[in-house]
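A.B. asks: My structure is in upload_39.csv, and what it holds is CSV, C-alpha atoms and all ligand atoms:
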```csv
chain,number,residue,atom,x,y,z
A,247,MET,CA,83.4,90.9,116.7
A,248,LYS,CA,81.8,93.9,115.1
A,249,VAL,CA,82.2,97.4,116.6
A,250,GLU,CA,80.3,100.4,115.1
A,251,ARG,CA,81.4,104.1,115.5
A,252,GLY,CA,79.9,105.4,118.7
A,253,ASP,CA,79.6,101.9,120.3
A,254,ARG,CA,79.3,102.2,124.1
A,255,ARG,CA,81.8,99.4,124.5
A,256,LEU,CA,84.5,101.8,123.1
A,257,LEU,CA,83.5,104.5,125.6
A,258,MET,CA,83.7,102.0,128.4
A,259,PHE,CA,87.0,100.6,127.2
A,260,GLN,CA,88.6,104.1,127.0
A,261,GLU,CA,87.4,104.9,130.5
A,262,ILE,CA,88.7,101.6,131.9
A,263,GLU,CA,92.0,102.2,130.2
A,264,LYS,CA,92.2,105.6,132.0
A,265,GLY,CA,91.0,104.0,135.3
A,266,GLY,CA,87.9,105.0,137.3
A,267,SER,CA,85.1,103.7,139.6
A,268,GLY,CA,82.3,101.7,138.2
A,269,GLU,CA,80.0,104.6,138.8
A,270,GLU,CA,82.1,107.1,136.9
A,271,ILE,CA,82.6,104.8,134.0
A,272,ALA,CA,78.9,103.9,133.8
A,273,GLU,CA,78.0,107.6,133.8
A,274,LYS,CA,80.6,108.6,131.2
A,275,ALA,CA,79.6,105.8,128.9
A,276,GLY,CA,75.8,106.2,129.6
A,277,VAL,CA,75.3,102.6,130.7
A,278,SER,CA,74.4,100.9,134.0
A,279,ARG,CA,77.0,99.8,136.5
A,280,THR,CA,76.1,96.1,135.8
A,281,ALA,CA,76.8,96.7,132.1
A,282,VAL,CA,80.3,97.9,133.1
A,283,TRP,CA,80.8,94.9,135.3
A,284,LYS,CA,79.7,92.6,132.5
A,285,PHE,CA,82.0,94.3,130.0
A,286,VAL,CA,84.9,93.9,132.3
A,287,ARG,CA,84.2,90.1,132.5
A,288,ARG,CA,84.1,90.1,128.7
A,289,LEU,CA,87.4,91.9,128.4
A,290,GLU,CA,88.9,89.3,130.7
A,291,GLU,CA,87.6,86.5,128.5
A,292,LEU,CA,89.3,88.2,125.6
A,293,GLY,CA,92.7,88.2,127.5
A,294,TYR,CA,92.7,91.7,128.9
A,295,GLU,CA,93.8,92.1,132.5
A,296,VAL,CA,91.7,94.5,134.5
A,297,GLU,CA,92.6,95.4,138.1
A,298,VAL,CA,89.7,95.8,140.4
A,299,ASP,CA,90.1,97.8,143.5
A,300,ARG,CA,87.3,98.7,145.9
A,301,LYS,CA,88.4,102.3,146.3
A,302,SER,CA,89.8,103.3,142.9
A,303,GLY,CA,87.7,101.0,140.8
A,304,TYR,CA,88.7,99.5,137.4
A,305,ARG,CA,92.0,99.9,135.6
A,306,LEU,CA,93.4,98.2,132.5
A,307,VAL,CA,96.7,96.5,133.4
A,308,SER,CA,97.5,94.6,130.2
A,309,SER,CA,96.1,93.8,126.8
A,310,PRO,CA,96.3,90.8,124.5
A,311,ASP,CA,98.1,91.2,121.2
A,312,PRO,CA,96.2,91.7,118.9
A,313,SER,CA,94.0,93.9,121.1
A,314,PRO,CA,90.6,94.2,119.3
A,315,PHE,CA,89.4,97.3,121.2
A,316,HIS,CA,92.6,99.3,120.6
A,317,MET,CA,92.4,98.3,117.0
A,318,ALA,CA,88.7,99.3,116.7
A,319,LEU,CA,89.6,102.7,118.1
A,320,ALA,CA,92.4,103.1,115.5
A,321,ALA,CA,90.4,101.9,112.6
A,322,LEU,CA,87.4,104.1,113.4
A,323,LYS,CA,89.6,107.2,113.1
A,324,ILE,CA,90.1,106.6,109.4
A,325,PRO,CA,87.9,109.2,107.6
A,326,GLY,CA,84.7,107.4,106.3
A,327,VAL,CA,85.1,104.2,108.3
A,328,GLU,CA,81.9,103.4,110.3
A,329,ARG,CA,82.5,99.8,111.4
A,330,TYR,CA,85.3,97.5,112.5
A,331,TYR,CA,85.2,93.7,112.1
A,332,HIS,CA,87.7,91.5,114.1
A,333,PHE,CA,87.9,87.8,113.2
A,334,ASP,CA,89.9,85.0,114.6
A,335,GLU,CA,89.9,83.4,111.2
A,336,VAL,CA,88.3,84.2,107.9
A,337,ASP,CA,88.9,82.9,104.3
A,338,SER,CA,90.0,86.3,103.1
A,339,THR,CA,89.4,89.7,104.5
A,340,ASN,CA,89.2,91.2,101.0
A,341,ARG,CA,86.4,88.7,100.1
A,342,PHE,CA,84.5,89.7,103.3
A,343,ALA,CA,85.2,93.4,102.8
A,344,LYS,CA,83.5,93.4,99.4
A,345,GLU,CA,80.3,92.5,101.1
A,346,VAL,CA,80.4,95.4,103.6
A,347,SER,CA,80.9,99.2,103.2
A,348,ASN,CA,82.9,101.8,105.0
A,349,ALA,CA,84.6,99.3,107.2
A,350,VAL,CA,87.9,97.9,108.3
A,351,VAL,CA,88.1,94.1,108.4
A,352,PHE,CA,90.9,92.4,110.4
A,353,SER,CA,91.6,88.7,110.8
A,354,GLU,CA,94.1,87.0,113.0
A,355,SER,CA,94.6,84.4,110.3
A,356,GLN,CA,93.2,83.6,106.8
A,357,SER,CA,92.5,80.2,105.4
A,358,SER,CA,92.7,81.4,101.7
A,359,GLY,CA,94.5,84.7,101.7
A,360,ARG,CA,94.7,86.2,98.2
A,361,GLY,CA,97.5,87.8,96.3
A,362,ARG,CA,97.1,89.3,92.9
A,363,LEU,CA,96.2,87.3,89.7
A,364,GLY,CA,94.8,84.4,91.8
A,365,ARG,CA,98.0,83.9,93.8
A,366,ARG,CA,98.0,82.9,97.4
A,367,TRP,CA,99.0,85.0,100.4
A,368,GLU,CA,100.3,82.9,103.3
A,369,SER,CA,98.4,84.0,106.3
A,370,GLU,CA,99.5,82.2,109.5
A,371,ARG,CA,98.5,83.5,112.8
A,372,GLY,CA,100.7,86.4,114.0
A,373,GLY,CA,100.4,88.7,110.9
A,374,VAL,CA,98.3,91.7,110.1
A,375,TYR,CA,95.6,90.7,107.6
A,376,MET,CA,93.3,93.7,107.0
A,377,SER,CA,91.1,95.2,104.4
A,378,LEU,CA,89.7,98.7,104.1
A,379,SER,CA,86.4,98.9,102.3
A,380,LEU,CA,85.4,102.5,101.3
A,381,ASN,CA,82.7,103.9,99.1
A,382,MET,CA,84.6,106.4,97.1
A,383,THR,CA,83.5,108.6,94.2
A,384,ILE,CA,86.6,108.2,92.1
A,385,PRO,CA,87.0,107.0,88.5
A,386,VAL,CA,88.4,103.5,87.9
A,387,SER,CA,91.5,105.0,86.5
A,388,GLU,CA,92.3,106.4,89.9
A,389,ILE,CA,92.5,103.0,91.6
A,390,PRO,CA,96.3,102.6,91.0
A,391,LYS,CA,96.7,105.8,93.0
A,392,VAL,CA,94.9,104.3,95.9
A,393,THR,CA,97.2,101.2,95.7
A,394,LEU,CA,100.3,103.5,95.7
A,395,LEU,CA,98.9,105.6,98.5
A,396,SER,CA,98.3,102.4,100.6
A,397,GLY,CA,101.8,101.2,99.9
A,398,LEU,CA,103.1,104.5,101.2
A,399,ALA,CA,101.0,104.2,104.3
A,400,VAL,CA,102.5,100.8,105.1
A,401,CYS,CA,106.0,102.1,104.3
A,402,ARG,CA,105.5,105.1,106.6
A,403,ALA,CA,104.1,102.7,109.3
A,404,LEU,CA,107.3,100.6,109.0
A,405,GLU,CA,109.7,103.6,108.9
A,406,ASP,CA,111.6,102.3,112.0
A,407,TYR,CA,112.5,99.2,110.0
A,408,GLY,CA,113.9,101.1,107.0
A,409,ALA,CA,111.0,100.0,104.8
A,410,ARG,CA,111.1,100.7,101.0
A,411,ILE,CA,108.4,100.3,98.3
A,412,LYS,CA,108.8,98.1,95.3
A,413,TRP,CA,106.5,99.1,92.4
A,414,PRO,CA,103.6,98.6,92.4
A,415,ASN,CA,102.5,97.1,95.7
A,416,ASP,CA,105.2,95.4,97.7
A,417,VAL,CA,106.8,96.8,100.9
A,418,LEU,CA,110.4,95.5,101.6
A,419,VAL,CA,112.5,95.4,104.7
A,420,GLY,CA,116.1,94.5,104.1
A,421,GLY,CA,115.3,93.8,100.5
A,422,LYS,CA,112.7,91.2,101.4
A,423,LYS,CA,108.9,91.3,101.1
A,424,VAL,CA,107.3,92.1,104.4
A,425,SER,CA,103.9,93.3,103.0
A,426,GLY,CA,101.7,93.0,99.9
A,427,ILE,CA,98.7,95.0,98.9
A,428,LEU,CA,95.7,93.8,96.9
A,429,SER,CA,93.3,96.6,95.7
A,430,GLU,CA,90.0,95.7,94.2
A,431,PHE,CA,87.2,97.7,92.9
A,432,VAL,CA,83.5,96.8,93.0
A,433,GLY,CA,80.7,98.6,91.3
A,434,GLU,CA,80.3,101.1,88.5
A,435,GLU,CA,82.3,104.1,87.4
A,436,MET,CA,82.2,106.9,89.9
A,437,ALA,CA,79.9,105.1,92.4
A,438,ALA,CA,82.1,102.4,93.5
A,439,LYS,CA,83.6,100.6,96.5
A,440,VAL,CA,87.4,100.4,96.8
A,441,VAL,CA,88.7,97.5,98.8
A,442,VAL,CA,92.4,97.7,99.8
A,443,GLY,CA,93.8,94.5,101.3
A,444,ILE,CA,97.0,94.7,103.3
A,445,GLY,CA,99.0,91.8,104.5
A,446,VAL,CA,102.0,92.3,106.8
A,447,ASN,CA,104.3,89.6,108.3
A,448,VAL,CA,104.6,90.7,111.9
A,449,ARG,CA,105.0,87.8,114.3
A,450,ASN,CA,104.1,85.0,111.9
A,451,ARG,CA,106.6,82.6,110.5
A,452,VAL,CA,107.3,82.9,106.8
A,453,PRO,CA,107.0,79.5,105.0
A,454,ASP,CA,110.4,77.9,104.2
A,455,ALA,CA,109.7,78.1,100.5
A,456,LEU,CA,109.6,81.9,100.7
A,457,ARG,CA,112.4,82.5,103.1
A,458,ASP,CA,114.9,83.9,100.6
A,459,ARG,CA,112.5,86.6,99.4
A,460,ALA,CA,110.2,87.2,102.4
A,461,ILE,CA,110.7,88.5,105.9
A,462,SER,CA,108.6,88.8,109.1
A,463,LEU,CA,109.1,91.8,111.4
A,464,HIS,CA,109.8,89.7,114.5
A,465,GLU,CA,113.1,88.6,112.8
A,466,VAL,CA,114.4,92.1,113.2
A,467,ASP,CA,112.4,93.2,116.3
A,468,GLU,CA,111.5,90.5,118.7
A,469,ASN,CA,109.2,92.9,120.7
A,470,VAL,CA,107.1,93.9,117.7
A,471,ARG,CA,103.4,94.0,118.4
A,472,ILE,CA,100.6,93.3,115.9
A,473,THR,CA,98.4,96.0,117.5
A,474,GLU,CA,101.1,98.6,117.2
A,475,ILE,CA,101.7,97.8,113.5
A,476,PHE,CA,98.0,97.8,112.7
A,477,THR,CA,97.5,101.1,114.6
A,478,ARG,CA,100.4,102.8,112.7
A,479,ILE,CA,99.0,101.7,109.4
A,480,CYS,CA,95.6,103.1,110.3
A,481,GLU,CA,97.1,106.4,111.3
A,482,GLN,CA,99.0,106.7,108.1
A,483,LEU,CA,96.0,105.7,106.0
A,484,SER,CA,94.0,108.4,107.8
A,485,ASN,CA,96.7,111.0,107.1
A,486,LEU,CA,97.1,110.1,103.4
A,487,LEU,CA,93.4,109.6,102.7
A,488,SER,CA,92.6,113.0,104.2
A,489,ALA,CA,95.2,114.5,101.8
A,490,PHE,CA,93.9,112.6,98.7
A,491,PRO,CA,93.3,113.6,96.0
A,492,GLN,CA,94.2,117.3,96.6
A,493,LYS,CA,97.8,116.5,97.6
A,494,TRP,CA,98.4,113.7,95.2
A,495,GLY,CA,101.5,115.5,93.8
A,496,GLU,CA,103.2,115.5,97.3
A,497,ILE,CA,102.1,111.9,98.0
A,498,LEU,CA,103.7,110.7,94.7
A,499,GLU,CA,106.9,112.6,95.4
A,500,GLU,CA,107.2,110.9,98.8
A,501,TRP,CA,106.4,107.5,97.2
A,502,LYS,CA,109.3,108.1,94.8
A,503,ARG,CA,111.7,109.0,97.6
A,504,LEU,CA,110.8,105.7,99.3
A,505,SER,CA,110.9,103.7,96.1
A,506,ASP,CA,113.2,100.8,95.8
A,507,THR,CA,112.4,100.4,92.1
A,508,ILE,CA,113.3,103.8,90.5
A,509,GLY,CA,116.9,103.6,89.1
A,510,ARG,CA,116.9,99.8,88.8
A,511,GLU,CA,117.1,97.6,85.8
A,512,VAL,CA,113.8,95.8,85.6
A,513,ARG,CA,111.8,93.3,83.7
A,514,VAL,CA,108.0,93.9,84.0
A,515,SER,CA,105.7,91.3,82.7
A,516,LEU,CA,102.1,92.1,81.9
A,517,TYR,CA,99.7,89.5,80.5
A,518,GLY,CA,102.5,87.6,78.7
A,519,GLU,CA,104.1,90.7,77.3
A,520,GLU,CA,107.5,91.8,78.7
A,521,VAL,CA,109.1,95.2,79.1
A,522,VAL,CA,112.8,95.2,79.9
A,523,GLY,CA,114.9,98.3,80.7
A,524,LYS,CA,115.7,100.8,83.4
A,525,ALA,CA,112.9,102.1,85.7
A,526,VAL,CA,113.3,105.8,85.6
A,527,ASP,CA,110.1,107.3,87.1
A,528,VAL,CA,106.5,106.8,88.2
A,529,ASP,CA,104.1,109.2,86.4
A,530,ALA,CA,101.2,111.1,87.8
A,531,ASP,CA,98.8,108.1,87.3
A,532,GLY,CA,101.1,105.7,89.2
A,533,GLY,CA,102.4,104.0,86.0
A,534,LEU,CA,106.1,102.9,85.9
A,535,ILE,CA,108.2,104.5,83.2
A,536,VAL,CA,110.8,102.1,81.7
A,537,VAL,CA,113.5,103.2,79.3
A,538,SER,CA,115.2,100.7,77.0
A,539,GLY,CA,116.9,100.7,73.6
A,540,GLU,CA,113.4,100.8,72.1
A,541,GLY,CA,112.5,104.0,73.9
A,542,ARG,CA,110.3,104.9,76.8
A,543,ARG,CA,107.4,102.7,77.8
A,544,LYS,CA,104.8,103.2,80.5
A,545,VAL,CA,103.5,100.2,82.4
A,546,ILE,CA,100.3,100.6,84.4
A,547,SER,CA,100.4,97.3,86.2
A,548,GLY,CA,102.2,94.0,86.2
A,549,GLU,CA,104.9,91.9,87.8
A,550,CYS,CA,108.2,93.7,88.4
A,551,PHE,CA,111.5,91.8,88.6
A,552,TYR,CA,114.9,93.4,89.3
A,553,THR,CA,117.5,92.2,86.8
A,554,ASN,CA,120.7,93.8,88.2
A,555,TYR,CA,121.1,91.6,91.1
B,1,LIG,C1,100.3,90.6,97.0
B,1,LIG,O1,100.1,89.8,95.9
B,1,LIG,O2,101.4,90.9,97.5
B,1,LIG,C2,99.0,91.0,97.7
B,1,LIG,C3,98.8,90.4,99.1
B,1,LIG,C4,97.6,90.9,99.8
B,1,LIG,C5,97.3,90.1,101.0
B,1,LIG,C6,96.2,90.8,101.8
B,1,LIG,S1,96.0,90.0,103.4
B,1,LIG,C7,94.6,90.9,103.7
B,1,LIG,C8,93.8,90.9,102.4
B,1,LIG,N1,93.0,89.7,102.2
B,1,LIG,C9,93.4,88.9,101.2
B,1,LIG,O3,92.8,87.9,100.9
B,1,LIG,N2,94.5,89.5,100.6
B,1,LIG,C10,94.8,90.8,101.2
B,1,LIG,P1,101.2,89.4,94.9
B,1,LIG,O4,101.9,90.6,94.4
B,1,LIG,O5,100.4,88.6,93.9
B,1,LIG,O6,102.2,88.5,95.7
B,1,LIG,C11,101.9,87.1,96.0
B,1,LIG,C12,103.2,86.4,96.1
B,1,LIG,O7,103.9,86.8,97.3
B,1,LIG,C13,103.1,84.9,96.3
B,1,LIG,O8,103.0,84.3,95.0
B,1,LIG,C14,104.3,84.5,97.0
B,1,LIG,O9,105.4,84.4,96.2
B,1,LIG,C15,104.6,85.7,97.9
B,1,LIG,N3,104.0,85.6,99.2
B,1,LIG,C16,102.9,84.9,99.6
B,1,LIG,N4,102.6,85.0,100.9
B,1,LIG,C17,103.6,85.8,101.4
B,1,LIG,C18,103.9,86.3,102.7
B,1,LIG,N5,103.1,86.0,103.8
B,1,LIG,N6,104.9,87.1,102.8
B,1,LIG,C19,105.7,87.5,101.8
B,1,LIG,N7,105.5,87.0,100.5
B,1,LIG,C20,104.4,86.2,100.4
```
Could you take the file, read its structure, and then write that structure out as structure tokens?
C.D. replies:
Amino acid sequence: MKVERGDRRLLMFQEIEKGGSGEEIAEKAGVSRTAVWKFVRRLEELGYEVEVDRKSGYRLVSSPDPSPFHMALAALKIPGVERYYHFDEVDSTNRFAKEVSNAVVFSESQSSGRGRLGRRWESERGGVYMSLSLNMTIPVSEIPKVTLLSGLAVCRALEDYGARIKWPNDVLVGGKKVSGILSEFVGEEMAAKVVVGIGVNVRNRVPDALRDRAISLHEVDENVRITEIFTRICEQLSNLLSAFPQKWGEILEEWKRLSDTIGREVRVSLYGEEVVGKAVDVDADGGLIVVSGEGRRKVISGECFYTNY
């Protein structure tokens, strides 16, 4: 399903959610009464429950989870986002997002979800698998900042679960990975598309092989809803993207407060090279500062392992 900003279906949906007669809804959305009736049928096919009363008209009683129309409304509030794609299954939302612009892409499952460096992201039904594709005029060197910003957005969205961020791109709940972020960059310097892919385990089962280091939110909150988590992430991405790059300093300070990595003994591996020491800071570009007997090193990306537990 594809929904563009200003789509009449969104207007109808909002009116049906509030409740109103077919005539009122048709007028507010600028469509015919038959169009409203057809749309209600479509909503029912998608799993929405709409109460129809002769006098009071239509009223939304319940929504499926995930709820594509609630999610489209949330995604289209992000500055710069013009379209929302909702898939039942796709190979990878990041792969798809590279082919479109100024869009949010969501899929209920992925057949080949991607992690960094060619790794796999397990994407069973029940999770949030989303990618934000934005045309941004920022230099390539700023991409790590967008990754950090997105990690903070997810961490804020999962605040109720005591989420923390592990440098550079993991979000942890109870010390286990609940979310991963894959940022990619397409195009040329200063005229480029940034694709931020976010995977969150919400109601999906985590494969047995990952159980000791991964967690799904339903393990700590059996009532958690995919739509709610997606909406919160969109809200936080909106807030942080509106503040970027002007308020980068404040964003970084908050990132550090929510960091699980600063202060720990770490081993960071980057293209076969290893840096071992204590993570003491993240600098203005988002690089991790590691101090060891050999001095201070800055690592701009890589795999980070904790060595003190
Ligand atoms: C990441 O990679 O953490 C980035 C994951 C990004 C996934 C999103 S989903 C939407 C969008 N579309 C895509 O195709 N991708 C993005 P990395 O740091 O390389 O971590 C990958 C490692 O995390 C794997 O090697 C596993 O050890 C572990 N892992 C895989 N699936 C997991 C899951 N569902 N939950 C927790 N850990 C997982």
A.B. asks: Using all atoms listed in the file, which residues of the polymer chains come no farther than 7 Å from ligand LIG 1 (chain B)? I'd like the answer as a VMD selection string.
C.D. replies: chain A and resid 338 to 341 358 to 363 365 to 369 375 to 377 415 to 416 423 to 428 443 to 445 447 452 456 460 to 461
A.B. asks: Interatomic distance between CA of Val386 (chain A) and CA of Leu483 (chain A)?
C.D. replies: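 Interatomic distance here is 19.8 Å.
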A.B. asks: Would you mind telling me which residue in A:Ala438, A:Pro414, A:Trp494, A:Leu487 lies nearest to Ala525 (chain A) when using only C-alpha atoms?
C.D. replies: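 Ranking A:Ala438, A:Pro414, A:Trp494, A:Leu487 by distance to Ala525 (chain A), first place goes to A:Pro414.
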A.B. asks: Hey, what's within 6 Å of Asn450 (chain A) if we count only C-alpha atoms and toss same-chain stuff fewer than 5 positions away? As a list in words, please?
C.D. replies: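 Everything that qualifies: Glu370, Arg371, Gly372 and Gly373 of chain A.
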A.B. asks: I'd like the neighbourhood of Met317 (chain A) as a list in words, where a residue qualifies if any of its atoms comes within 9 Å (using only C-alpha atoms), though same-chain residues fewer than 2 positions away should be ignored.
C.D. replies: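 The filter keeps Pro312, Ser313, Pro314, Phe315, Leu319, Ala320, Ala321, Leu322, Tyr330, His332, Phe352, Thr473, Glu474, Phe476, Thr477 and Cys480 of chain A.
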A.B. asks: Do a neighbour search on Glu250 (chain A) at 10 Å with all atoms listed in the file, toss out local chain neighbours closer than 2 positions, and write the hits as a list in words.
C.D. replies: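 Contacts, in chain order: Lys248, Gly252, Asp253, Arg254, Arg255, Leu256, Ala318, Leu322, Val327, Glu328, Arg329, Tyr330, Tyr331 and Ala349 of chain A.
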